[in-house]
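This is work25.cif. It holds mmCIF, C-alpha atoms and all ligand atoms.
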```
data_protein
loop_
_atom_site.group_PDB
_atom_site.id
_atom_site.type_symbol
_atom_site.label_atom_id
_atom_site.label_comp_id
_atom_site.auth_asym_id
_atom_site.auth_seq_id
_atom_site.Cartn_x
_atom_site.Cartn_y
_atom_site.Cartn_z
ATOM 1 C CA MET A 1487 86.475 192.765 147.536
ATOM 2 C CA PHE A 1488 86.035 189.215 148.849
ATOM 3 C CA VAL A 1489 88.598 186.898 147.236
ATOM 4 C CA THR A 1490 88.848 183.205 148.008
ATOM 5 C CA ARG A 1491 90.455 180.206 146.401
ATOM 6 C CA PHE A 1492 90.484 176.448 146.121
ATOM 7 C CA ALA A 1493 94.087 175.261 146.092
ATOM 8 C CA PRO A 1494 94.373 171.514 145.494
ATOM 9 C CA SER A 1495 97.613 169.615 145.039
ATOM 10 C CA PRO A 1496 97.422 167.300 142.015
ATOM 11 C CA THR A 1497 98.616 164.220 143.855
ATOM 12 C CA GLY A 1498 95.522 162.130 143.226
ATOM 13 C CA ARG A 1499 91.920 162.307 142.091
ATOM 14 C CA LEU A 1500 89.434 164.456 143.990
ATOM 15 C CA HIS A 1501 86.940 162.882 146.383
ATOM 16 C CA ARG A 1502 83.769 164.029 148.137
ATOM 17 C CA GLY A 1503 85.766 166.019 150.699
ATOM 18 C CA HIS A 1504 87.340 168.130 147.974
ATOM 19 C CA ALA A 1505 83.956 168.609 146.334
ATOM 20 C CA PHE A 1506 82.587 169.954 149.606
ATOM 21 C CA SER A 1507 85.547 172.281 150.128
ATOM 22 C CA ALA A 1508 85.567 173.616 146.583
ATOM 23 C CA ARG A 1509 81.793 174.189 146.491
ATOM 24 C CA THR A 1510 81.889 175.875 149.898
ATOM 25 C CA ALA A 1511 84.559 178.336 148.748
ATOM 26 C CA TRP A 1512 82.895 178.945 145.382
ATOM 27 C CA ARG A 1513 79.514 179.603 146.975
ATOM 28 C CA ALA A 1514 81.007 181.949 149.555
ATOM 29 C CA ALA A 1515 82.546 183.990 146.729
ATOM 30 C CA ARG A 1516 79.233 184.067 144.878
ATOM 31 C CA GLU A 1517 77.241 185.069 147.936
ATOM 32 C CA ALA A 1518 79.729 187.841 148.726
ATOM 33 C CA GLY A 1519 79.787 189.058 145.124
ATOM 34 C CA GLY A 1520 83.504 188.294 145.208
ATOM 35 C CA ARG A 1521 86.090 186.374 143.240
ATOM 36 C CA PHE A 1522 86.856 182.669 143.223
ATOM 37 C CA LEU A 1523 90.325 181.483 142.185
ATOM 38 C CA LEU A 1524 91.626 178.024 141.431
ATOM 39 C CA ARG A 1525 95.289 177.483 142.239
ATOM 40 C CA ILE A 1526 97.224 174.326 141.444
ATOM 41 C CA GLU A 1527 99.733 173.639 144.216
ATOM 42 C CA ASP A 1528 102.162 171.409 142.377
ATOM 43 C CA ILE A 1529 105.557 172.227 143.854
ATOM 44 C CA ASP A 1530 106.209 168.619 144.880
ATOM 45 C CA PRO A 1531 107.800 167.087 141.784
ATOM 46 C CA THR A 1532 107.680 163.582 143.212
ATOM 47 C CA ARG A 1533 103.950 163.428 143.908
ATOM 48 C CA CYS A 1534 102.225 165.789 141.457
ATOM 49 C CA ARG A 1535 101.169 164.552 138.038
ATOM 50 C CA PRO A 1536 99.659 166.368 135.031
ATOM 51 C CA GLU A 1537 96.897 163.787 134.672
ATOM 52 C CA PHE A 1538 95.713 164.538 138.204
ATOM 53 C CA GLU A 1539 95.556 168.234 137.362
ATOM 54 C CA ALA A 1540 93.488 167.442 134.271
ATOM 55 C CA GLY A 1541 91.235 165.349 136.503
ATOM 56 C CA ILE A 1542 90.795 168.247 138.939
ATOM 57 C CA LEU A 1543 89.697 170.618 136.175
ATOM 58 C CA GLU A 1544 87.293 168.024 134.826
ATOM 59 C CA ASP A 1545 85.808 167.244 138.240
ATOM 60 C CA LEU A 1546 85.336 170.897 139.227
ATOM 61 C CA GLY A 1547 83.675 171.671 135.907
ATOM 62 C CA TRP A 1548 81.340 168.712 136.437
ATOM 63 C CA LEU A 1549 80.490 170.093 139.878
ATOM 64 C CA GLY A 1550 79.303 173.295 138.227
ATOM 65 C CA LEU A 1551 82.146 175.535 139.342
ATOM 66 C CA ASP A 1552 83.733 178.287 137.305
ATOM 67 C CA TRP A 1553 86.917 180.153 138.093
ATOM 68 C CA GLU A 1554 89.059 182.984 136.834
ATOM 69 C CA GLN A 1555 91.699 182.484 134.143
ATOM 70 C CA PRO A 1556 94.602 182.045 134.042
ATOM 71 C CA VAL A 1557 94.841 179.392 136.722
ATOM 72 C CA ARG A 1558 98.016 179.852 138.733
ATOM 73 C CA ARG A 1559 100.184 176.750 138.636
ATOM 74 C CA GLN A 1560 102.862 176.998 141.308
ATOM 75 C CA SER A 1561 105.390 174.886 139.407
ATOM 76 C CA GLU A 1562 105.502 177.657 136.787
ATOM 77 C CA HIS A 1563 106.432 180.272 139.402
ATOM 78 C CA LEU A 1564 109.197 178.636 141.415
ATOM 79 C CA GLY A 1565 111.265 181.773 140.764
ATOM 80 C CA ASP A 1566 108.751 183.772 142.832
ATOM 81 C CA TYR A 1567 109.303 181.706 145.954
ATOM 82 C CA ALA A 1568 113.110 181.685 146.081
ATOM 83 C CA PRO A 1569 113.289 185.430 146.949
ATOM 84 C CA VAL A 1570 110.989 184.828 149.933
ATOM 85 C CA VAL A 1571 113.330 182.169 151.262
ATOM 86 C CA GLU A 1572 116.300 184.474 150.567
ATOM 87 C CA ALA A 1573 114.658 187.420 152.326
ATOM 88 C CA LEU A 1574 114.085 185.332 155.458
ATOM 89 C CA ASP A 1575 117.617 183.933 155.240
ATOM 90 C CA ARG A 1576 119.153 187.414 154.947
ATOM 91 C CA ARG A 1577 117.519 188.252 158.250
ATOM 92 C CA GLY A 1578 119.159 185.240 159.819
ATOM 93 C CA LEU A 1579 115.894 183.362 160.356
ATOM 94 C CA LEU A 1580 116.771 180.124 158.578
ATOM 95 C CA TYR A 1581 119.189 177.305 159.169
ATOM 96 C CA ARG A 1582 120.381 174.448 157.022
ATOM 97 C CA CYS A 1583 119.097 171.002 157.931
ATOM 98 C CA PHE A 1584 120.893 167.993 156.484
ATOM 99 C CA ARG A 1585 118.868 165.476 158.455
ATOM 100 C CA THR A 1586 116.810 162.933 156.616
ATOM 101 C CA ARG A 1587 113.168 162.314 157.346
ATOM 102 C CA LYS A 1588 114.234 159.161 159.127
ATOM 103 C CA ASP A 1589 116.685 161.089 161.356
ATOM 104 C CA ILE A 1590 113.860 163.418 162.379
ATOM 105 C CA LEU A 1591 111.424 160.573 163.042
ATOM 106 C CA ASP A 1592 114.029 158.707 165.069
ATOM 107 C CA ALA A 1593 114.676 161.867 167.087
ATOM 108 C CA ILE A 1594 110.962 162.216 167.789
ATOM 109 C CA GLY A 1595 110.963 158.667 169.110
ATOM 110 C CA ASP A 1596 113.844 159.531 171.446
ATOM 111 C CA ALA A 1597 112.660 162.979 172.510
ATOM 112 C CA PRO A 1598 111.761 163.270 176.184
ATOM 113 C CA HIS A 1599 109.181 165.996 175.553
ATOM 114 C CA GLY A 1600 107.417 164.603 172.505
ATOM 115 C CA PRO A 1601 107.107 165.604 168.865
ATOM 116 C CA ALA A 1602 106.829 169.388 169.265
ATOM 117 C CA GLU A 1603 110.323 169.564 170.625
ATOM 118 C CA ALA A 1604 111.811 167.189 168.114
ATOM 119 C CA ALA A 1605 110.307 169.156 165.241
ATOM 120 C CA ARG A 1606 112.839 171.834 166.171
ATOM 121 C CA PRO A 1607 116.109 170.013 165.486
ATOM 122 C CA GLY A 1608 118.152 173.233 165.529
ATOM 123 C CA PRO A 1609 121.220 174.137 163.483
ATOM 124 C CA HIS A 1610 124.064 171.653 163.076
ATOM 125 C CA PRO A 1611 127.333 172.436 164.858
ATOM 126 C CA ALA A 1612 129.447 174.666 162.586
ATOM 127 C CA ASP A 1613 132.122 172.038 161.865
ATOM 128 C CA GLU A 1614 129.524 169.391 160.995
ATOM 129 C CA GLU A 1615 127.702 171.809 158.715
ATOM 130 C CA ALA A 1616 130.943 172.761 156.961
ATOM 131 C CA ALA A 1617 131.815 169.087 156.443
ATOM 132 C CA PHE A 1618 128.381 168.224 155.042
ATOM 133 C CA LEU A 1619 128.510 171.232 152.721
ATOM 134 C CA ALA A 1620 131.948 170.213 151.495
ATOM 135 C CA GLU A 1621 130.606 166.713 150.794
ATOM 136 C CA GLY A 1622 127.825 168.282 148.728
ATOM 137 C CA ARG A 1623 125.079 166.733 150.841
ATOM 138 C CA PRO A 1624 121.586 168.044 150.075
ATOM 139 C CA PHE A 1625 119.913 170.140 152.755
ATOM 140 C CA ALA A 1626 116.610 171.848 153.510
ATOM 141 C CA TRP A 1627 116.159 175.315 155.025
ATOM 142 C CA ARG A 1628 114.233 175.437 158.305
ATOM 143 C CA LEU A 1629 112.694 178.474 159.952
ATOM 144 C CA SER A 1630 114.126 179.041 163.420
ATOM 145 C CA LEU A 1631 111.277 179.953 165.743
ATOM 146 C CA ASP A 1632 113.774 181.144 168.369
ATOM 147 C CA ARG A 1633 115.311 183.615 165.953
ATOM 148 C CA ALA A 1634 111.900 184.712 164.652
ATOM 149 C CA ARG A 1635 110.772 185.399 168.217
ATOM 150 C CA ASP A 1636 113.945 187.387 168.894
ATOM 151 C CA LEU A 1637 113.515 189.412 165.724
ATOM 152 C CA LEU A 1638 109.851 190.243 166.278
ATOM 153 C CA GLY A 1639 110.203 190.824 169.980
ATOM 154 C CA ARG A 1640 108.078 189.348 172.725
ATOM 155 C CA ARG A 1641 105.117 191.695 172.299
ATOM 156 C CA ALA A 1642 104.751 191.191 168.553
ATOM 157 C CA TRP A 1643 105.192 187.435 169.027
ATOM 158 C CA ASP A 1644 102.447 187.308 171.618
ATOM 159 C CA ALA A 1645 100.201 189.399 169.364
ATOM 160 C CA LEU A 1646 100.366 186.952 166.424
ATOM 161 C CA ALA A 1647 96.740 186.108 165.736
ATOM 162 C CA PHE A 1648 94.128 185.342 163.108
ATOM 163 C CA VAL A 1649 90.374 185.500 162.792
ATOM 164 C CA GLU A 1650 88.669 182.129 162.470
ATOM 165 C CA GLU A 1651 85.172 182.419 161.063
ATOM 166 C CA GLY A 1652 84.715 178.675 160.815
ATOM 167 C CA ARG A 1653 85.874 176.107 163.354
ATOM 168 C CA GLY A 1654 89.178 174.473 164.163
ATOM 169 C CA PRO A 1655 89.274 170.777 165.105
ATOM 170 C CA ASP A 1656 88.656 171.645 168.767
ATOM 171 C CA GLY A 1657 85.926 174.155 168.020
ATOM 172 C CA GLU A 1658 88.313 177.126 167.861
ATOM 173 C CA HIS A 1659 86.428 180.178 166.641
ATOM 174 C CA GLY A 1660 86.889 183.946 166.661
ATOM 175 C CA LEU A 1661 90.175 185.676 167.340
ATOM 176 C CA ILE A 1662 92.797 182.959 167.754
ATOM 177 C CA ARG A 1663 96.254 183.540 169.097
ATOM 178 C CA ALA A 1664 98.772 181.973 166.706
ATOM 179 C CA ARG A 1665 101.066 179.389 168.276
ATOM 180 C CA PRO A 1666 103.810 178.671 165.738
ATOM 181 C CA GLU A 1667 105.472 176.413 168.328
ATOM 182 C CA THR A 1668 102.965 173.678 167.555
ATOM 183 C CA ALA A 1669 104.409 173.323 164.063
ATOM 184 C CA GLY A 1670 108.056 173.622 165.078
ATOM 185 C CA ASP A 1671 110.946 174.790 162.899
ATOM 186 C CA VAL A 1672 109.153 174.034 159.648
ATOM 187 C CA VAL A 1673 110.967 173.410 156.382
ATOM 188 C CA LEU A 1674 110.670 176.464 154.117
ATOM 189 C CA ALA A 1675 112.757 175.120 151.284
ATOM 190 C CA ARG A 1676 112.756 171.460 150.448
ATOM 191 C CA LYS A 1677 115.867 169.709 149.247
ATOM 192 C CA ASP A 1678 114.274 168.831 145.915
ATOM 193 C CA ALA A 1679 112.009 171.793 145.168
ATOM 194 C CA GLY A 1680 113.787 174.875 146.545
ATOM 195 C CA THR A 1681 110.560 175.932 148.213
ATOM 196 C CA ALA A 1682 107.934 174.376 150.425
ATOM 197 C CA TYR A 1683 104.197 174.480 151.007
ATOM 198 C CA HIS A 1684 104.105 177.192 153.693
ATOM 199 C CA VAL A 1685 106.119 179.617 151.554
ATOM 200 C CA ALA A 1686 104.241 179.012 148.316
ATOM 201 C CA VAL A 1687 100.801 179.161 149.929
ATOM 202 C CA THR A 1688 101.402 182.383 151.901
ATOM 203 C CA HIS A 1689 103.182 184.071 148.997
ATOM 204 C CA ASP A 1690 100.365 183.259 146.608
ATOM 205 C CA ASP A 1691 97.575 184.216 148.999
ATOM 206 C CA ALA A 1692 99.267 187.612 149.366
ATOM 207 C CA LEU A 1693 100.035 187.994 145.654
ATOM 208 C CA GLN A 1694 96.501 187.075 144.642
ATOM 209 C CA GLY A 1695 94.890 189.297 147.261
ATOM 210 C CA VAL A 1696 93.090 186.399 148.958
ATOM 211 C CA THR A 1697 90.934 187.846 151.736
ATOM 212 C CA HIS A 1698 89.312 184.599 152.911
ATOM 213 C CA VAL A 1699 90.977 181.192 153.109
ATOM 214 C CA ILE A 1700 88.311 178.500 153.126
ATOM 215 C CA ARG A 1701 89.648 174.969 153.627
ATOM 216 C CA GLY A 1702 89.401 171.820 155.706
ATOM 217 C CA GLU A 1703 90.249 171.776 159.392
ATOM 218 C CA ASP A 1704 93.203 169.472 158.661
ATOM 219 C CA LEU A 1705 95.033 172.683 157.720
ATOM 220 C CA PHE A 1706 94.039 174.586 160.852
ATOM 221 C CA GLU A 1707 97.387 173.873 162.540
ATOM 222 C CA ALA A 1708 99.247 175.094 159.455
ATOM 223 C CA THR A 1709 97.604 178.484 159.950
ATOM 224 C CA HIS A 1710 99.723 179.153 163.037
ATOM 225 C CA ILE A 1711 102.950 179.042 161.074
ATOM 226 C CA GLN A 1712 101.443 180.776 158.049
ATOM 227 C CA VAL A 1713 100.458 183.762 160.201
ATOM 228 C CA LEU A 1714 104.066 183.988 161.377
ATOM 229 C CA ILE A 1715 105.395 183.961 157.800
ATOM 230 C CA GLN A 1716 102.856 186.607 156.763
ATOM 231 C CA THR A 1717 103.962 188.795 159.642
ATOM 232 C CA LEU A 1718 107.670 188.326 158.921
ATOM 233 C CA MET A 1719 107.099 189.186 155.258
ATOM 234 C CA GLY A 1720 104.761 192.108 155.934
ATOM 235 C CA TRP A 1721 101.856 190.417 154.165
ATOM 236 C CA PRO A 1722 98.255 190.722 155.351
ATOM 237 C CA THR A 1723 96.726 187.799 157.203
ATOM 238 C CA PRO A 1724 93.487 186.708 155.522
ATOM 239 C CA VAL A 1725 90.397 185.675 157.447
ATOM 240 C CA TYR A 1726 90.217 181.885 157.841
ATOM 241 C CA ARG A 1727 87.167 179.637 157.582
ATOM 242 C CA HIS A 1728 88.095 176.072 158.344
ATOM 243 C CA HIS A 1729 85.401 173.484 157.938
ATOM 244 C CA ALA A 1730 84.958 170.007 159.370
ATOM 245 C CA LEU A 1731 86.155 167.134 157.208
ATOM 246 C CA LEU A 1732 83.586 164.824 155.725
ATOM 247 C CA VAL A 1733 83.641 161.295 156.980
ATOM 248 C CA GLY A 1734 82.575 158.201 155.073
ATOM 249 C CA GLU A 1735 80.083 155.612 156.249
ATOM 250 C CA ASP A 1736 82.873 153.845 158.100
ATOM 251 C CA GLY A 1737 83.524 157.029 160.093
ATOM 252 C CA ARG A 1738 86.902 157.600 158.425
ATOM 253 C CA ARG A 1739 87.656 160.837 156.648
ATOM 254 C CA TYR A 1740 87.837 160.748 152.875
ATOM 255 C CA ALA A 1741 91.331 160.603 151.535
ATOM 256 C CA LYS A 1742 92.962 160.246 148.166
ATOM 257 C CA ARG A 1743 94.072 156.729 148.985
ATOM 258 C CA ASP A 1744 90.448 155.544 149.106
ATOM 259 C CA ARG A 1745 90.159 155.187 145.382
ATOM 260 C CA SER A 1746 86.596 153.937 145.502
ATOM 261 C CA VAL A 1747 85.201 157.343 146.408
ATOM 262 C CA THR A 1748 86.800 159.548 143.759
ATOM 263 C CA LEU A 1749 84.473 161.924 141.967
ATOM 264 C CA ALA A 1750 85.528 160.300 138.685
ATOM 265 C CA GLU A 1751 84.240 156.952 139.870
ATOM 266 C CA LEU A 1752 81.040 158.391 141.271
ATOM 267 C CA ARG A 1753 80.457 160.030 137.914
ATOM 268 C CA ALA A 1754 81.246 156.824 136.019
ATOM 269 C CA GLY A 1755 78.769 155.067 138.297
ATOM 270 C CA GLY A 1756 76.030 157.410 137.097
ATOM 271 C CA LEU A 1757 75.858 159.890 139.983
ATOM 272 C CA SER A 1758 74.711 163.325 138.899
ATOM 273 C CA PRO A 1759 76.338 166.502 140.219
ATOM 274 C CA GLU A 1760 72.931 167.640 141.495
ATOM 275 C CA THR A 1761 72.560 164.514 143.601
ATOM 276 C CA LEU A 1762 76.069 164.856 145.001
ATOM 277 C CA ARG A 1763 75.555 168.540 145.816
ATOM 278 C CA ALA A 1764 72.309 167.726 147.586
ATOM 279 C CA GLU A 1765 74.023 164.962 149.533
ATOM 280 C CA LEU A 1766 76.825 167.326 150.579
ATOM 281 C CA GLY A 1767 74.463 170.215 151.251
ATOM 282 C CA VAL A 1768 76.445 172.603 149.066
HETATM 283 N N1 LIG B 1 97.421 172.494 148.553
HETATM 284 C C1 LIG B 1 96.950 172.182 149.852
HETATM 285 C C2 LIG B 1 96.342 170.798 149.874
HETATM 286 O O1 LIG B 1 95.925 170.305 148.841
HETATM 287 C C3 LIG B 1 95.893 173.137 150.356
HETATM 288 C C4 LIG B 1 96.446 174.477 150.629
HETATM 289 C C5 LIG B 1 95.496 175.418 151.338
HETATM 290 O O2 LIG B 1 94.270 175.396 151.124
HETATM 291 O O3 LIG B 1 95.981 176.251 152.054
HETATM 292 O O4 LIG B 1 96.276 170.199 150.917
#
```
As structure tokens:
Amino acid sequence: MFVTRFAPSPTGRLHRGHAFSARTAWRAAREAGGRFLLRIEDIDPTRCRPEFEAGILEDLGWLGLDWEQPVRRQSEHLGDYAPVVEALDRRGLLYRCFRTRKDILDAIGDAPHGPAEAARPGPHPADEEAAFLAEGRPFAWRLSLDRARDLLGRRAWDALAFVEEGRGPDGEHGLIRARPETAGDVVLARKDAGTAYHVAVTHDDALQGVTHVIRGEDLFEATHIQVLIQTLMGWPTPVYRHHALLVGEDGRRYAKRDRSVTLAELRAGGLSPETLRAELGV
């Protein structure tokens, strides 16, 4: 059974780009006689707001979408994600990172080999870690790609792959070899939330039996690390269909910060969903 989902984060109002993505996924489910799920990815307590979630439901309804109930709201399932982080930690794949965002950005500036290298800060020396722990400093858990490669073995590492039925930003299509190195030692548990996007998204895709992930090409790079997590956890890797991002008349992609193009404002300005769908071709 074909199962896909639209998984917005309620950090702002939806814009045309979201409308295109949501309609594309919904139509694919319809055409395949499959299921369409809506998932609210609200693990970031600092950026997500209930009124944005209400706005998402309103906008998707206006667009003519329907979805299965109950809607999964990740903030209500934080207890599901902690065991994933623990399972990876028990296998020695994680390390504590006490560095601040600024430390990491500064390191990138100083790194001789560019951002990819600096995104792998590595564990702290044991005495430093012990001192920071004793001070009660907050820390995040990072996935060590070196340890993951050692655990899986060279052959399994080289065989990490996914099927791309859409296109990546550079036209990637077909069977793609996953390159987790491009993402670095990603954070799998944030200091404030106890989990992080890559864990919650892969856990939920597996739990909900998602067979096809349909989303914008801005998340294509994230797929490389998500395939690694799926493999480490023994979860299936869905098929991916990334689509190009819509660009506005100024040639810039739509983003939540461009308040003028929210669906709410288009609607208030008298635009009908039929006109918008025709404009977007979905
Ligand atoms: N919640 C993510 C976002 O809004 C999308 C996750 C996904 O489709 O994998 O950017």
| Which residue, A:Ser1507, A:Gln1712, A:Gln1560, A:Thr1688, has the smallest gap to His1728 (chain A) when you use all atoms listed in the file? |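 For His1728 (chain A), the nearest of the candidates is A:Ser1507.
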| task | Translate the PyMOL selection byres (((chain A and resi 1627-1643) around 8) and not hetatm), as applied to the file shown, into an explicit residue set as number ranges by chain. | result | A: 1578-1583, 1606, 1608, 1625-1626, 1644-1646, 1666-1667, 1670-1676, 1718
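With only C-alpha atoms and all ligand atoms as the atoms that count, the minimum distance from ligand LIG 1 (chain B) to the choices A:Glu1703, A:Asp1592, A:Glu1544, A:Glu1751 is reached by A:Glu1703.
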| request: Taking the file above as input, evaluate the PyMOL selection byres (((chain A and resi 1569) around 12) and not hetatm) and report the hits as number ranges by chain. | output: A: 1563-1568, 1570-1576, 1674-1675, 1680-1681, 1685-1686, 1689, 1719
| query | Interatomic distance between CA of Leu1749 (chain A) and CA of Thr1532 (chain A)? | reply | 23.3 Å
With 5 Å on each side, where is the centre of the axis-aligned box around all listed atoms of region 1723-1733 of chain A, and how long are its edges in Å to one decimal, as lines of an AutoDock Vina configuration file?
```
center_x = 90.2
center_y = 174.5
center_z = 157.4
size_x = 23.1
size_y = 36.5
size_z = 13.8
```
| field | Env. residues ligand LIG 1 (chain B) / 9 Å / only C-alpha atoms and all ligand atoms / as a list in words | value |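 Listing the residues within 9 Å of ligand LIG 1 (chain B) gives Arg1491, Phe1492, Ala1493, Pro1494, Ser1495, Pro1496, Thr1497, His1504, Arg1525, Ile1526, Glu1527, Asp1528, Tyr1683, His1684, Val1687, Thr1688, Asp1691, Val1699, Ile1700, Arg1701, Gly1702, Asp1704, Leu1705, Ala1708 and Thr1709 of chain A.
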| task | Could you state which residues are captured by the PyMOL selection byres (((chain A and resi 1726) around 7) and not hetatm) in this file, as a list in words? | result |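 Selected by the PyMOL selection byres (((chain A and resi 1726) around 7) and not hetatm) in this file: Val1649, Glu1650, Glu1651, His1698, Val1699, Ile1700, Pro1724, Val1725, Arg1727 and His1728 of chain A.
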Selected residues written out, C-alpha atoms, as a PDB file, in the coordinates of the input:
```pdb
ATOM      1  CA  VAL A1649      90.374 185.500 162.792  1.00  0.00           C
ATOM      2  CA  GLU A1650      88.669 182.129 162.470  1.00  0.00           C
ATOM      3  CA  GLU A1651      85.172 182.419 161.063  1.00  0.00           C
ATOM      4  CA  HIS A1698      89.312 184.599 152.911  1.00  0.00           C
ATOM      5  CA  VAL A1699      90.977 181.192 153.109  1.00  0.00           C
ATOM      6  CA  ILE A1700      88.311 178.500 153.126  1.00  0.00           C
ATOM      7  CA  PRO A1724      93.487 186.708 155.522  1.00  0.00           C
ATOM      8  CA  VAL A1725      90.397 185.675 157.447  1.00  0.00           C
ATOM      9  CA  ARG A1727      87.167 179.637 157.582  1.00  0.00           C
ATOM     10  CA  HIS A1728      88.095 176.072 158.344  1.00  0.00           C
TER      11      HIS A1728
END
```
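One finds CA of Ile1542 (chain A) at 18.4 Å from CA of Gly1756 (chain A).
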| query | Quick one: distance from CA of Ile1662 (chain A) to CA of Ala1682 (chain A) in Å, one decimal? | reply |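 Straight-line distance from CA of Ile1662 (chain A) to CA of Ala1682 (chain A) works out to 24.6 Å.
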Could you list, as a short mmCIF file (atom, residue, chain, number, x, y, z; two decimals) with C-alpha atoms, in the coordinates of the input, every residue within 9 Å of Ala1692 (chain A), counting all atoms listed in the file and ignoring same-chain residues fewer than 6 positions away?
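Output contents, as saved in selection_35.cif:
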```
data_model
loop_
_atom_site.label_atom_id
_atom_site.label_comp_id
_atom_site.auth_asym_id
_atom_site.auth_seq_id
_atom_site.Cartn_x
_atom_site.Cartn_y
_atom_site.Cartn_z
CA GLN A 1716 102.86 186.61 156.76
CA TRP A 1721 101.86 190.42 154.16
CA PRO A 1722 98.26 190.72 155.35
CA THR A 1723 96.73 187.80 157.20
CA PRO A 1724 93.49 186.71 155.52
#
```
| request: List the residues sitting within 12 Å of (85.0, 162.9, 156.3) in the file's frame, using only C-alpha atoms, as a PyMOL selection string. | output: chain A and resi 1501-1507+1702-1704+1729-1742+1744+1747+1766
| query | With only C-alpha atoms as the basis for distance, which of A:Val1768, A:Leu1661, A:Ala1612, A:Ala1750 is at the shortest distance from Gly1547 (chain A)? | reply |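 Going through A:Val1768, A:Leu1661, A:Ala1612, A:Ala1750 one by one, the smallest distance to Gly1547 (chain A) is for A:Ala1750.
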| remark: From the list A:Leu1714, A:Leu1523, A:Gly1652, A:Ala1605, the nearest residue to Ala1669 (chain A) using all atoms listed in the file is A:Ala1605
| message | Tell me which residues come within 7 Å of (94.8, 172.8, 135.2), as a PyMOL selection string, counting all atoms listed in the file in the file's coordinates. | response | chain A and resi 1526+1539-1540+1543+1557
